[in-house]
Structure formats: structure tokens, C-alpha cells
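Peer 1: Questions regarding the structure given below will be posed in turn.
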Amino acid sequence: MKSRQILLFLTIIPILLLIFIALKNPQSLYSDSAWQMKALQQFIAGDSPSFNHLVRPSYDDLAVNKAIWITWWPPGTNLLAYPLMAQGIPVGISIRIIAIASFILGSLGWICWFSLFDFPIWIGVILALTIPSLRCGNHALFQYSAEVLVYAYAPWLILITYQFSKYLNNETTFIKNIVKYLVISPVIGLILGFGYILKYSLLFVVLGALIYLGFQCITNNNSRQQKISKLTAYVLVCLFCGIPLLTLNLVNQNLGETANLITATAKIISLKWQNFIYVIANPALAMTDAELLWKMLLNFQHSIAPSSLWIGLIGIPGGILLLWLILRDRALPEASLLAKIVFFTSMAAIFGIWSVGATVSYEARHVVPASLAILPVALQSGYELWHKKSNSFLIKGSLCIAAIFYLAIPLAYSSTSIIVKALETSVHYTPASSQIYNPWLASQDLARVRTELVKDFNEQTDIWYLPEPITALDLPGRAMITSGDFYQGLQDANLHRQAFHTSTHLRVHVLLPRSFEDNGKGLLIRSSFVQAHEWICQEIEGSNYVKWTSTLEV
């Protein structure tokens with residue numbers, strides 16, 4: 001595609017429109033990132049030993065603190081937010097800056113990748129105008145999650161790999177600049193390895209890139225000198241790529257007692273039948289937000305099978321057609337080969353994780369980079385099939401239905417959902433010091449609710465008990481932060497086993513949603529403070545939480 005500049009210009013239009021819509025709404029974030037931002041807040045305030053240590057009261061003795069190294073999520077967001085928050089920029093503004101920068105980089109990066117493929121300009125124009133509407137890119141503008149870092153970094157990892165491979169395969173250029181390339185190789189390796197620090201799932205793309213570079217080193221007809229030089233460069237890339245990966249895993253293992261979530265929950269290989277369904281279905285569901293559309297349509301509580309399974313079954317036909325489109329084309333230009341290797345490596349890796357992990361997620365979002373990487377290959381193959389006169393009506397009809405069902409309708413949904421998303425968030429919301437939108441804590445005026453909450457809070461003698469981490473970003477002092485299940489009853493066995501003690505007199509302020517009084521969780525949580533004398537209930541006007549206060553006596 002020769003009109004890259006036109007496509008990049010067109011992409012800027014929806015980018016600017018979405019940023020404009022987002023800036024009119026307060027910034028929110030998911031709880032995963034909230035844990036990390038609280039740790040960073042504590043570090044900047046001097047209350048934590050590092051930017052990735054979360055300090056909380058010890059559950060064995062609430063009077064003393066315990067620092068916990070966060071291993072469930074990589075420290076990418078912390079690293080990017082630290083320079084901003086260290087300058088006094090609030091959490092909400094800091095993560096919005098990260099989200100906007102990531103959204104722009106990712107949208108432009110994917111269009112640059114698509115422009116390497118040979119399909120009509122009108123397809124490129126549609127992609128340029130609609131790719132920014134994908135939830136994986138723009139949702140972080142409203143509610144931040146580290147998925148936007150994957151969206152931003154993955155296309156540039158692929159493009160850098162592609163460009164580096166071209167240099168290695170150019171014998172004249174490579175021999176003349178062998179020293180230069182041997183210096184660049186460690187840099188390329190570090191760039192690839194840094195993806196793992198940003199988000200663990202970027203490892204799928206990194207592995208695909210390394211396999212592609214290795215394949216290029218051993219398959220091309222090069223002179224003996226160039227083969228040795230290329231292999232040397234490739235070994236350097238692999239070695240330096242491994243430095244960030246090994247470093248983070250070793251630090252996690254030493255400070256957090258596990259390298260990552262997979263090592264913490266690994267078990268004997270179990271080939272569940274669901275693995276085979278989702279490994280075929282998810283690429284088709286992840287390309288253009290089809291999974292999100294069907295989640296909305298199948299959002300029912302009582303059914304013969306879980307809605308997630310129905311979504312997987314819906315994705316099966318699209319996944320099979322996608323595989324056929326990918327595999328039918330035996331020609332292997334470099335960009336197409338790279339896309340296929342990244343795609344199949346990613347799917348093999350996630351299938352392996354599903355097979356050994358005790359706790360697995362079948363959400364299609366984990367394969368978004370692989371799906372977007374292979375999208376132009378599928379489009380190019382489908383376009384060629386459509387214009388092949390010898391093809392039957394059945395083939396053309398299948399292509400047409402798949403294009404409408406898995407591409408056009410989900411893209412239309414993504415575009416319209418942005419407007420709904422903007423309307424759902426109150427533009428009149430008043431955030432507190434963190435500049436975070438937190439509808440759990442306050443429906444409209446968080447600043448006023450916070451003032452009421454902290455009015456009688458003493459940082460020296462009081463602690464908080466919070467059912468989620470987002471609220472902790474706006475409250476002073478020490479806090480017990482939990483992951484309360486807001487939508488289920490008493491299935492959480494931990495609630496029945498908890499028993500908190502203190503060696504000194506403390507006062508505890510427990511914030512709970514009103515629904516916890518109806519389902520019995522509130523009573524269980526308060527009962528876990530075995531030294532509590534008497535509980536005082538306080539309703540805060542404008543807050544969706546009720547505050548329960550008690551003194552823990554020794």
C-alpha cells in the first residue's frame with residue numbers, strides 16, 4: 001500500500017475526536033492498575049521502600065505495616081507514571097497522559113503495519129477511520145488499564161523486527177555496517193525484552209519476533225560470512241532480550257515469592273476441551289471487538305451454558321475461516337511471514353498457558369496483538385478470493401457473511417459505543433485530589449464525600465478497610481485493601497476464615513456498599529475484627545458506601 005501518509009492523516013481524525021470526547025469526562029481506572037498506583041503514591045510520599053511495594057497493615061498485627069511486592073501485574077504502568085507523579089501531577093492526569101500517548105502511538109503503529117500489505121486503498125481508508133475505535137485502544141482514555149500499553153507497543157515491536165530483518169538480509173549493506181548492526185542488536189533485544197516489563201502478554205509477540213528473526217537467519221541464501229554475522233547478531237538480540245525478562249522474574253521470585261501468575265498457579269498439563277474452542281474462536285473475536293458485542297447481547301444470568309461459552313461457539317466459524325485464509329496463501333513475503341509467525345506463536349503460547357494454569361482467562365483480549373497482526377493477511381487473502389472468477393457462490397457468500405458478522409458489525413458497535421461511554425460518565429463529576437472518577441465512593445461530588453470521610457480520621461491511630469483499591473487513592477493513612485465481590489453472595493470462603501488482631505489500640509473505618517448488608521457480607525467483614533467493641537454506622541450523603549467505625553481494644 002503506497003498511500004501510507006494519506007492513511008496516517010486519516011487516522012488522526014478519529015484519534016483527535018476520541019481524545020476530545022475523553023477530555024470532557026473524568027478519568028477512571030481498573031482495580032489492577034489502582035493497586036499499582038497506590039504503591040507508587042506511597043513510594044513518592046516516602047511510605048514505601050519501592051515504586052512496586054504496596055504497604056498495608058499486617059493481617060497478623062494491624063498495628064504494624066507489611067510491604068508487599070506486586071507480582072500479579074508487571075510494573076510497566078508504574079515506570080511510566082513515576083516521572084509524572086514525582087513532579088506532583090495527580091494520578092488521574094498522569095494515567096490520562098499515558099493513555100493518550102499510548103492510544104496515539106498504537107493507532108498510528110497499526111496503520112503503519114497495515115500499509116505494508118497489498119490491498120486496495122479503500123480498505124486501508126476504512127481501517128484508518130475505524131481502528132482507533134477499538135476498545136483495546138481507546139477505552140483507557142476513559143477507564144485506564146495496561147491493555148493500552150499492549151495496543152501501543154505491539155505494532156512497533158513488529159515493525160522494528162520487520163525493519164531489522166530487512167537490514168540483516170541486505171548483504172551489501174550488512175557487510176559494510178557489520179559493526180553498526182552488532183551494536184544495534186543489543187538495543188533491539190532490549191526493546192523486545194522491555195515489552196515483558198510493560199505487560200506480560202507482550203511476551204507472545206516477543207517470542208514470535210525472535211522466531212521470525214531466527215528463521216530469517218537460517219533460511220536465506222547468504223554467503224558464509226554473512227551467515228556467521230547474522231547468527232552473531234541474532235544471538236545478541238536473544239541474549240539482551242532475555243535480560244529484562246530474567247531480571248523481572250528473579251526480582252518477582254525473590255521479593256514476591258513467585259515469578260508471575262503462571263508460575264504461582266502452574267499445575268500438571270490438562271488439555272481441557274474449552275482450550276480448543278477458544279484457541280480457534282478468540283482470534284476472530286478479538287480483531288474488531290466482536291467479543292464485546294456478543295457479551296452485551298448475551299448478558300443473561302440463567303442459561304443452559306455460560307454466555308462466555310456461547311461467545312466461544314459463535315467465534316468458531318470465524319476462527320476456522322481465518323485459519324483457512326491465512327494458510328491458503330503459500331507465498332511468503334516478509335511482512336506476511338512475520339504476521340503468521342507472530343500469530344501462530346501467540347496462539348501456541350496461550351494454549352500452553354491454558355493447559356498448565358490453574359487459573360486461566362479465556363477472554364479474547366489476550367490475543368488482540370496477534371489478531372491485529374494477522375488482520376491484513378486475512379483481508380488480502382479474502383480480497384483475492386473474492387475477485388477470483390473460478391470461486392463458487394458458496395465461497396463468496398461465506399466471505400461476505402464473515403466480513404459483515406465479524407468485521408463490519410463489531411466495528412460499527414465499537415464506534416457507537418464510544419458515544420454511549422461518554423454519556424454514561426458524568427461530565428459534572430467533581431473528583432478529589434487524585435483526579436480519579438470513582439462512582440463507588442461518590443456518585444457526583446467525590447471531593448465533598450472525601451472531606452466528610454476524613455473529618456474524624458487520625459493517621460496515627462486509625463486505619464481503613466476498603467473493598468476495592470480505587471478508593472485508597474483518595475484517602476490518607478494506612479488501609480487494608482481487599483477485592484470484594486460486589487455481585488455475588490457469600491461464596492468467598494476467605495470471608496469466613498478472616499480474623500484480624502492488633503497489639504495496640506486502633507480505630508478502624510470500614511467502607512462497605514449497602515448491598516453487603518443485604519447479602520450478609522457486611523456482618524462477616526465486621527466480625528473479622530475480633531477486638532472490635534461497638535460499631536457505629538454513618539451514612540455519607542452522596543456516597544455509595546456506608547462507613548462503619550469501631551475501636552479495637554487490647
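By convention here, the chains of the C-alpha cells are called A, B, ... in the order presented, each chain's residues are numbered starting at 1, and ligands are numbered starting at 1 in the order presented.
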Give me the residues of segment 157-224 of chain A that have any atom at most 7 Å from an atom of segment 237-240 of chain A; for each, the nearest atom pair and the distance in Å, rounded to one decimal. Use only C-alpha atoms, sort by chain and number, and format it as a tab-separated table.
Peer 2:
residue	atom	partner	partner_atom	distance
A:Ser185	CA	A:Val237	CA	5.1
A:Pro186	CA	A:Val237	CA	5.3
A:Ile188	CA	A:Val237	CA	6.2
A:Gly189	CA	A:Val237	CA	4.1
A:Leu190	CA	A:Phe240	CA	5.4
Peer 1: Could the residues in this selection be written to a file with N, CA, C and O atoms, as a PDB file, in the first residue's frame?
Peer 2:
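So the final result, stored in selection.pdb, reads:
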ATOM      1  N   SER A 185      22.074  -4.660  17.581  1.00  0.00           N
ATOM      2  CA  SER A 185      21.426  -5.903  18.022  1.00  0.00           C
ATOM      3  C   SER A 185      21.076  -5.901  19.506  1.00  0.00           C
ATOM      4  O   SER A 185      19.942  -6.273  19.874  1.00  0.00           O
ATOM      5  N   PRO A 186      21.986  -5.516  20.408  1.00  0.00           N
ATOM      6  CA  PRO A 186      21.608  -5.467  21.828  1.00  0.00           C
ATOM      7  C   PRO A 186      20.458  -4.496  22.097  1.00  0.00           C
ATOM      8  O   PRO A 186      19.604  -4.766  22.949  1.00  0.00           O
ATOM      9  N   ILE A 188      18.024  -3.717  19.970  1.00  0.00           N
ATOM     10  CA  ILE A 188      16.803  -4.389  19.514  1.00  0.00           C
ATOM     11  C   ILE A 188      16.353  -5.415  20.558  1.00  0.00           C
ATOM     12  O   ILE A 188      15.167  -5.521  20.880  1.00  0.00           O
ATOM     13  N   GLY A 189      17.306  -6.162  21.097  1.00  0.00           N
ATOM     14  CA  GLY A 189      16.976  -7.152  22.116  1.00  0.00           C
ATOM     15  C   GLY A 189      16.354  -6.527  23.353  1.00  0.00           C
ATOM     16  O   GLY A 189      15.361  -7.038  23.890  1.00  0.00           O
ATOM     17  N   LEU A 190      16.907  -5.417  23.810  1.00  0.00           N
ATOM     18  CA  LEU A 190      16.366  -4.738  24.990  1.00  0.00           C
ATOM     19  C   LEU A 190      14.968  -4.190  24.727  1.00  0.00           C
ATOM     20  O   LEU A 190      14.097  -4.230  25.606  1.00  0.00           O
TER      21      LEU A 190
END
Peer 1: Please provide as a list in words all residues within 10 Å of Arg365 of chain A, with the sequence filter that same-chain residues fewer than 2 positions apart are discarded (counting only C-alpha atoms).
Peer 2: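 So, after excluding close chain neighbours, the residues are Arg135, Cys136, Glu147, Ser201, Asn282, Pro283, Leu285, Ala286, Met287, Asp289, Glu291, Leu292, Ser361, Tyr362, Glu363, Val367, Val368, Pro369 and Ser371 of chain A.
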Peer 1: Near Tyr144 of chain A, counting only C-alpha atoms, which residues have an atom at most 8 Å away, once you skip same-chain residues fewer than 2 positions from it, shown as a list in words?
Peer 2: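 Non-adjacent residues within range: Gln27, Ser28, Leu29, Tyr30, Ser33, Ile95, Arg96, Ala99, His139, Ala140, Leu141, Phe142, Ala146 and Val148 of chain A.
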Peer 1: Out of segment 345-505 of chain A, which residues get strand (DSSP E) from DSSP, as an mmCIF file with C-alpha atoms, in the first residue's frame?
Peer 2:
data_model
loop_
_atom_site.group_PDB
_atom_site.id
_atom_site.type_symbol
_atom_site.label_atom_id
_atom_site.label_comp_id
_atom_site.auth_asym_id
_atom_site.auth_seq_id
_atom_site.Cartn_x
_atom_site.Cartn_y
_atom_site.Cartn_z
ATOM 1 C CA ASP A 462 -6.766 4.941 62.593
ATOM 2 C CA ILE A 463 -6.863 2.566 59.633
ATOM 3 C CA TRP A 464 -9.242 1.990 56.711
ATOM 4 C CA TYR A 465 -10.827 -1.216 55.455
ATOM 5 C CA LEU A 466 -11.711 -0.828 51.762
ATOM 6 C CA ARG A 478 -2.979 3.187 56.252
ATOM 7 C CA ALA A 479 -5.544 0.996 54.528
ATOM 8 C CA MET A 480 -6.489 -2.657 54.350
ATOM 9 C CA ILE A 481 -7.378 -3.018 50.672
#
Peer 1: Applying 7 Å and only C-alpha atoms, which residues near Gly312 of chain A remain after dropping the ones on its own chain fewer than 6 positions away? List them as a list in words.
Peer 2: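 Counting only the stated atoms, we get Ile277, Tyr278 and Ala281 of chain A.
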